Structure formats: C-alpha cells, structure tokens
Amino acid sequence: MDFRPVILFLFLILHSSLCLEEEEKAKNKTSVAKDGEKQVLNNSTISLINICDKCTCNETSVTCSTWDMKTTFKSYKWPNKTLEIVSLENTSLDDITQFPPLSIRKLVITGSKIKKIDYDSFINLNNFAELDLSHNEINSTILLPDAFEGNFSEVSYEPMKYLRTLNLSFNLFHTLDQEIFKHTRDLKVLSLKGNPLIVIDSPTLTALSTLPFLEELDLSYCQLSKLPEYIFHTSHKFLRRIDLSGNKFTTPPLALEYARYAKLLTMDNNPIQFIGRSNAFPELQELEELNLRNMSLLTKIGDGAFTNLKNLQILRIQNCSHLKTLDEYALVSNNSKVTTPLKKLLISDNALQYLPEHFVARWDRLEELDLMNNQWSCDCDNQYLIANIIPGLGHKLMGENVNKLKCVLPAEHYGKRLNSLEHRKLRCLDLYSARPEKDAAILVGILIGLLLVIPVGLTSFFLWKRGYFFCGSQNPGSFSRAFYKRTPHDDI
C-alpha cells in the first residue's frame, strides 16, 4: 500500500498548524512591542525634564548658561512654540547630539569644549536660519559635512533649507573639509574669524567656492599673509562685505580685484607701512566703505592709494599712531576729472599735521568729518583747513567737537583752537624752525644799528685819516702836520 499521500497530507496539516502558531506569536510580539513602546513613550514623557527648569525661558527664547549639560537634547521637554533664539553658553557640553523637532530661528552653542558633533544633529530644526558655534575647540575632524544634513528625500539628503548664517569663529580650524558646505549652499554669512588658518589651502579654497550666494565673509585674525588669487572669483556676484582685519598683510591683497561687487572692505590692524601708487588698492568699482583702523605701522597714505575706488563714500583711517601724511592726491589723481563721491571722512586719533586742500574733491558734499586727536600744525600749509573748512563746514560736519581741535605746532600757537585762527594769515614754517615774529625786534634793532654804525664808523675813519683825532702824546709839530697837505708831484 502506498502511504505517500497520507504522509504528504499529514505534513501539510502539521505545516499549516506551525505557520498559524508562528503568525500568532508574531502578532503577540507585535502587540507586546506596541504596548511596550506606548509604555516606554509614556514613561519617557513622564520622566522628561522640562528644559525651562534648567534654563531661563521666555516667550521667544531659551537661555542656558554655566549649566552642567552632558545629556542629549532629546532628554528634555522643550517649549512647543517658535523660538527666536536658543542659547547654550559656557556649558560643559562636549557632544552635540540630535535635537528634537523644534522651531528655532537662531541656535547659539559657545564657550564649550566640543569633541563630537553627530550626524543629522540639526535635521529636526525647522526655520533654522542661524547657527553660532564660536569659541569652542572645533576642527575639521569634528565638524563634518553630514552634521548639516537636511531632510531625507528618495534621492539624497536635502540642503538645510533656511540656514543662512554660520559662525565658526575662534575655533581650531587649520583647514576646512572641501565638502563641509555641501548641505548649506545657500549660506549668505560665514565667519571664520580667529581660526589659525595661516594659509588658505586647496580644500579650504574648494569649500569656499561652493558658496555661490555668499554675501559676507569674515577672515579676520586668521594669521593670513596672502590670499589665493581666485578666492573671490566664484562668489564675486553676491559678495558684499569682506573682513581681513588682524592678519599679516603688508600690502592690500591683489586677490581683491575679483571681489568686484564688494561694498565694504575692512583691513584694520594689519602691518601695512605705506599705501601709494605702487601698492594701491585694486579696482573695486562698487566699494563704498573702506576701514583702515588700528594700523600702528602705517606712516603715509601716498599718491594714488585710493584712486581705483571710484565709488568710495566712507573712509575710516583711525587710531594709526604713526600716520603723519595724507597725500593731496591719494583719493583723486591730479590729472583726473572724476570726483570720488566721499560722504564721510573719519581720520581721528592719528599723528596727522596737515589736511591738504585737494584731498577731498568736493568738501561741500561731505556729511561727516572727524579730525579729532591729531597733531595739527597751524601754519600756512593748513591755511585752507583753518580759514575755509573749519569756519564754513566745521559745525555742520563735526558739531561741538570742532571747538576741541587744537594746534600742536608751531610753538607760538600751541594749545590754541583752530577756529580761533580763522582770520589770521598763518606764516610758513622755516626749515630750521626759525620764529621771525619773535625775532622781529632784534632784527630791526640790528638793522638800525648797522645803519647808524656804518656811516659813523666811516666818518670816524676818514677824520682819523685826516688827523682830526689825536692819540698819545701831542706836540706842536704833530699838530701842524695834521693840517699839512702834501704838494702834488706835478708842482715840484
């Protein structure tokens, strides 16, 4: 008898029974898991600490300072509303983990010793426009491109949709990962201030070139002595503000010629000694504002220094303790008919002695003038400043400060107010610092003396020769010889 059909039938029944049992177990596990998740969720919800118990909260902000925060951000219950700013300053945070879903405009995490930044740390932040990670110890091995991943799509992670400002200043970056900005291509403001870059290497240059909409770049205090030629080439269409302060530039960088649309350039506190035609600022047709402050080695602004800045409206040259000279044609060439539309000239706290008449083409167009704390010389070379600019425009451009401008040279005018000399015809300083007004009486006395002494002396000599004056012993013979006249030779 063939038992194979019976065996097959029994096998099918047993298999079906086992399958039903497994399905039931799976359902039970799922049910238990769901119940467990609910229980965990409930327990988690119950155990969550309100962030406002640890930090200061108000209607639009959460501020945490000097708090021993080491746990993850998801361990806290956050306000369920849009926050303009969340500030975590000077905490002991060393690992930035993923934030829960929050609506935050600005996130500040500063003054910590960050050692790790997780992937997707900021992925859940809606309306996230500004991130400040300054004053930490972050470098290129800690901050990686995936930290800025946005929402996941079927193709890839989307860019962070609203992030526009990224502050990485005062960290430990020597270089940047060349893909660091691949999820943040819409950045408009980037600060690398205070990082020891020393040079802009190839990966850093590549990273910066991926920001086509960048409007403001801060490379101040990065120990830079030169810039790559094309650093501003890719982003030149939108770049408006550049800060190169506190570096080691000894001349204006030639790379600036590609920042054609920049409107503000700041080069404070660089070791530049002289700016003139030989190292003039390159042509920046749209530049409106130039800052040259706290430059302790700068001694002279020479001819042609700013002649390529045709649209310059605000010029600040302040607190340059050794700056003595502004060339008359530093702004506009002496053979040029183009006038710079200067509106503000701020040249206080220098060592300037003279302000040339033609330094500003149109003084009447100025809106603000600051001449305070210089070493003004009240002589004929400043006649235009003292007799025209100060009385005509002083109060309008300087307010009451115009009364505080004092003469330092020459000695006879030391300490006098410039506007007290507006009606004086000022003398020109002698090469050897002679003071004719003090020496006039002596000179007149000497002249009168000479006029008297010379004729008297000549007359006395003539009379002496004639024998009208007798010296020593006299006798009748000497007396008669005094009146003796020798007979001419022809009469002998």
# chains A, B, ... in the order shown; residues from 1 in each chain; ligands from 1

$ select_by_dssp --residues "range 88-211 of chain A" --states "strand (DSSP E)" --output "number ranges by chain"
A: 88-89, 95-96, 102-110, 116-117, 125-126, 130-132, 165-167, 189-191

$ select_by_dssp --residues "range 106-214 of chain A" --states "helix (DSSP H, G or I)" --output "list in words"
Pro145, Asp146, Ala147, Phe148, Ser202, Pro203, Thr204, Leu205, Thr206, Ala207, Leu208 and Ser209 of chain A

$ residues_around --residues "Thr299 in chain A" --least-positions-apart "3" --cutoff "6 Å" --atoms "only C-alpha atoms" --output "PDB file with C-alpha atoms, in the first residue's frame"
ATOM      1  CA  GLN A 273      53.517 100.754   6.495  1.00  0.00           C
ATOM      2  CA  HIS A 322      52.373 106.879  13.349  1.00  0.00           C
ATOM      3  CA  LEU A 323      50.350 108.165  10.392  1.00  0.00           C
ATOM      4  CA  LYS A 324      51.652 111.658   9.661  1.00  0.00           C
TER       5      LYS A 324
END

$ residues_around --residues "Lys81 in chain A" --least-positions-apart "4" --cutoff "9 Å" --atoms "only C-alpha atoms" --output "ChimeraX atom specification"
/A:59-60,102-104

$ closest_residue --among "A:Ser220, A:Ser169, A:Asn136, A:Gln353" --to "Asn90 in chain A" --atoms "only C-alpha atoms"
A:Asn136

$ atom_distance --atom1 "CA of Arg316 in chain A" --atom2 "CA of Met372 in chain A"
12.7 Å

$ closest_residue --among "A:Leu298, A:Leu217, A:Leu393, A:Cys57" --to "Thr251 in chain A" --atoms "only C-alpha atoms"
A:Leu298

$ residues_around --residues "Leu326 in chain A" --least-positions-apart "4" --cutoff "9 Å" --atoms "only C-alpha atoms" --output "PDB file with C-alpha atoms, in the first residue's frame"
ATOM      1  CA  LYS A 300      51.901 107.532   4.984  1.00  0.00           C
ATOM      2  CA  ILE A 301      48.977 107.415   2.577  1.00  0.00           C
ATOM      3  CA  GLY A 302      50.628 108.323  -0.704  1.00  0.00           C
ATOM      4  CA  ASP A 303      49.646 109.496  -4.161  1.00  0.00           C
ATOM      5  CA  ALA A 330      45.575 109.898  -2.563  1.00  0.00           C
ATOM      6  CA  LEU A 352      48.411 113.965  11.143  1.00  0.00           C
ATOM      7  CA  TYR A 354      48.136 118.595   7.601  1.00  0.00           C
ATOM      8  CA  LEU A 355      44.903 118.033   5.695  1.00  0.00           C
ATOM      9  CA  PRO A 356      45.554 119.048   2.058  1.00  0.00           C
ATOM     10  CA  PHE A 359      42.442 115.555  -0.588  1.00  0.00           C
TER      11      PHE A 359
END

$ closest_residue --among "A:Ile446, A:Ile96, A:Cys55, A:Leu48" --to "Tyr76 in chain A" --atoms "only C-alpha atoms"
A:Leu48

$ atom_distance --atom1 "CA of Ile117 in chain A" --atom2 "CA of Leu133 in chain A"
10.9 Å

$ residues_around --residues "Met267 in chain A" --least-positions-apart "5" --cutoff "9 Å" --atoms "only C-alpha atoms" --output "PyMOL selection string"
chain A and resi 220+242-247+249+252+290-293+295

$ write_last_selection --atoms "N, CA and C atoms" --output "PDB file, in the first residue's frame"
ATOM      1  N   SER A 220      39.019  87.517   9.401  1.00  0.00           N
ATOM      2  CA  SER A 220      39.863  88.323  10.274  1.00  0.00           C
ATOM      3  C   SER A 220      40.570  87.461  11.314  1.00  0.00           C
ATOM      4  N   ILE A 242      33.638  92.100   3.172  1.00  0.00           N
ATOM      5  CA  ILE A 242      34.839  91.294   3.402  1.00  0.00           C
ATOM      6  C   ILE A 242      35.597  91.882   4.585  1.00  0.00           C
ATOM      7  N   ASP A 243      35.965  91.030   5.532  1.00  0.00           N
ATOM      8  CA  ASP A 243      36.750  91.470   6.689  1.00  0.00           C
ATOM      9  C   ASP A 243      38.064  90.706   6.720  1.00  0.00           C
ATOM     10  N   LEU A 244      39.178  91.441   6.556  1.00  0.00           N
ATOM     11  CA  LEU A 244      40.524  90.855   6.576  1.00  0.00           C
ATOM     12  C   LEU A 244      41.343  91.437   7.726  1.00  0.00           C
ATOM     13  N   SER A 245      40.696  91.923   8.743  1.00  0.00           N
ATOM     14  CA  SER A 245      41.381  92.573   9.862  1.00  0.00           C
ATOM     15  C   SER A 245      42.274  91.603  10.616  1.00  0.00           C
ATOM     16  N   GLY A 246      43.283  92.167  11.295  1.00  0.00           N
ATOM     17  CA  GLY A 246      44.070  91.403  12.236  1.00  0.00           C
ATOM     18  C   GLY A 246      44.902  90.301  11.631  1.00  0.00           C
ATOM     19  N   ASN A 247      45.250  90.427  10.354  1.00  0.00           N
ATOM     20  CA  ASN A 247      46.096  89.433   9.716  1.00  0.00           C
ATOM     21  C   ASN A 247      47.516  89.979   9.550  1.00  0.00           C
ATOM     22  N   PHE A 249      48.942  91.067   6.499  1.00  0.00           N
ATOM     23  CA  PHE A 249      49.114  91.677   5.182  1.00  0.00           C
ATOM     24  C   PHE A 249      49.991  92.921   5.291  1.00  0.00           C
ATOM     25  N   PRO A 252      47.784  95.784   0.367  1.00  0.00           N
ATOM     26  CA  PRO A 252      46.439  95.310   0.001  1.00  0.00           C
ATOM     27  C   PRO A 252      46.529  94.108  -0.939  1.00  0.00           C
ATOM     28  N   LEU A 290      35.560 101.806   3.239  1.00  0.00           N
ATOM     29  CA  LEU A 290      36.876 101.226   3.492  1.00  0.00           C
ATOM     30  C   LEU A 290      37.314 101.581   4.898  1.00  0.00           C
ATOM     31  N   ASN A 291      37.722 100.561   5.662  1.00  0.00           N
ATOM     32  CA  ASN A 291      38.177 100.755   7.039  1.00  0.00           C
ATOM     33  C   ASN A 291      39.651 100.388   7.171  1.00  0.00           C
ATOM     34  N   LEU A 292      40.445 101.354   7.642  1.00  0.00           N
ATOM     35  CA  LEU A 292      41.866 101.140   7.921  1.00  0.00           C
ATOM     36  C   LEU A 292      42.130 101.702   9.313  1.00  0.00           C
ATOM     37  N   ARG A 293      41.872 100.917  10.339  1.00  0.00           N
ATOM     38  CA  ARG A 293      41.983 101.382  11.717  1.00  0.00           C
ATOM     39  C   ARG A 293      43.007 100.553  12.492  1.00  0.00           C
ATOM     40  N   MET A 295      46.193 100.624  12.759  1.00  0.00           N
ATOM     41  CA  MET A 295      47.353 100.179  11.986  1.00  0.00           C
ATOM     42  C   MET A 295      48.578 100.917  12.509  1.00  0.00           C
TER      43      MET A 295
END

$ atom_distance --atom1 "CA of Ser420 in chain A" --atom2 "CA of Glu367 in chain A"
23.2 Å
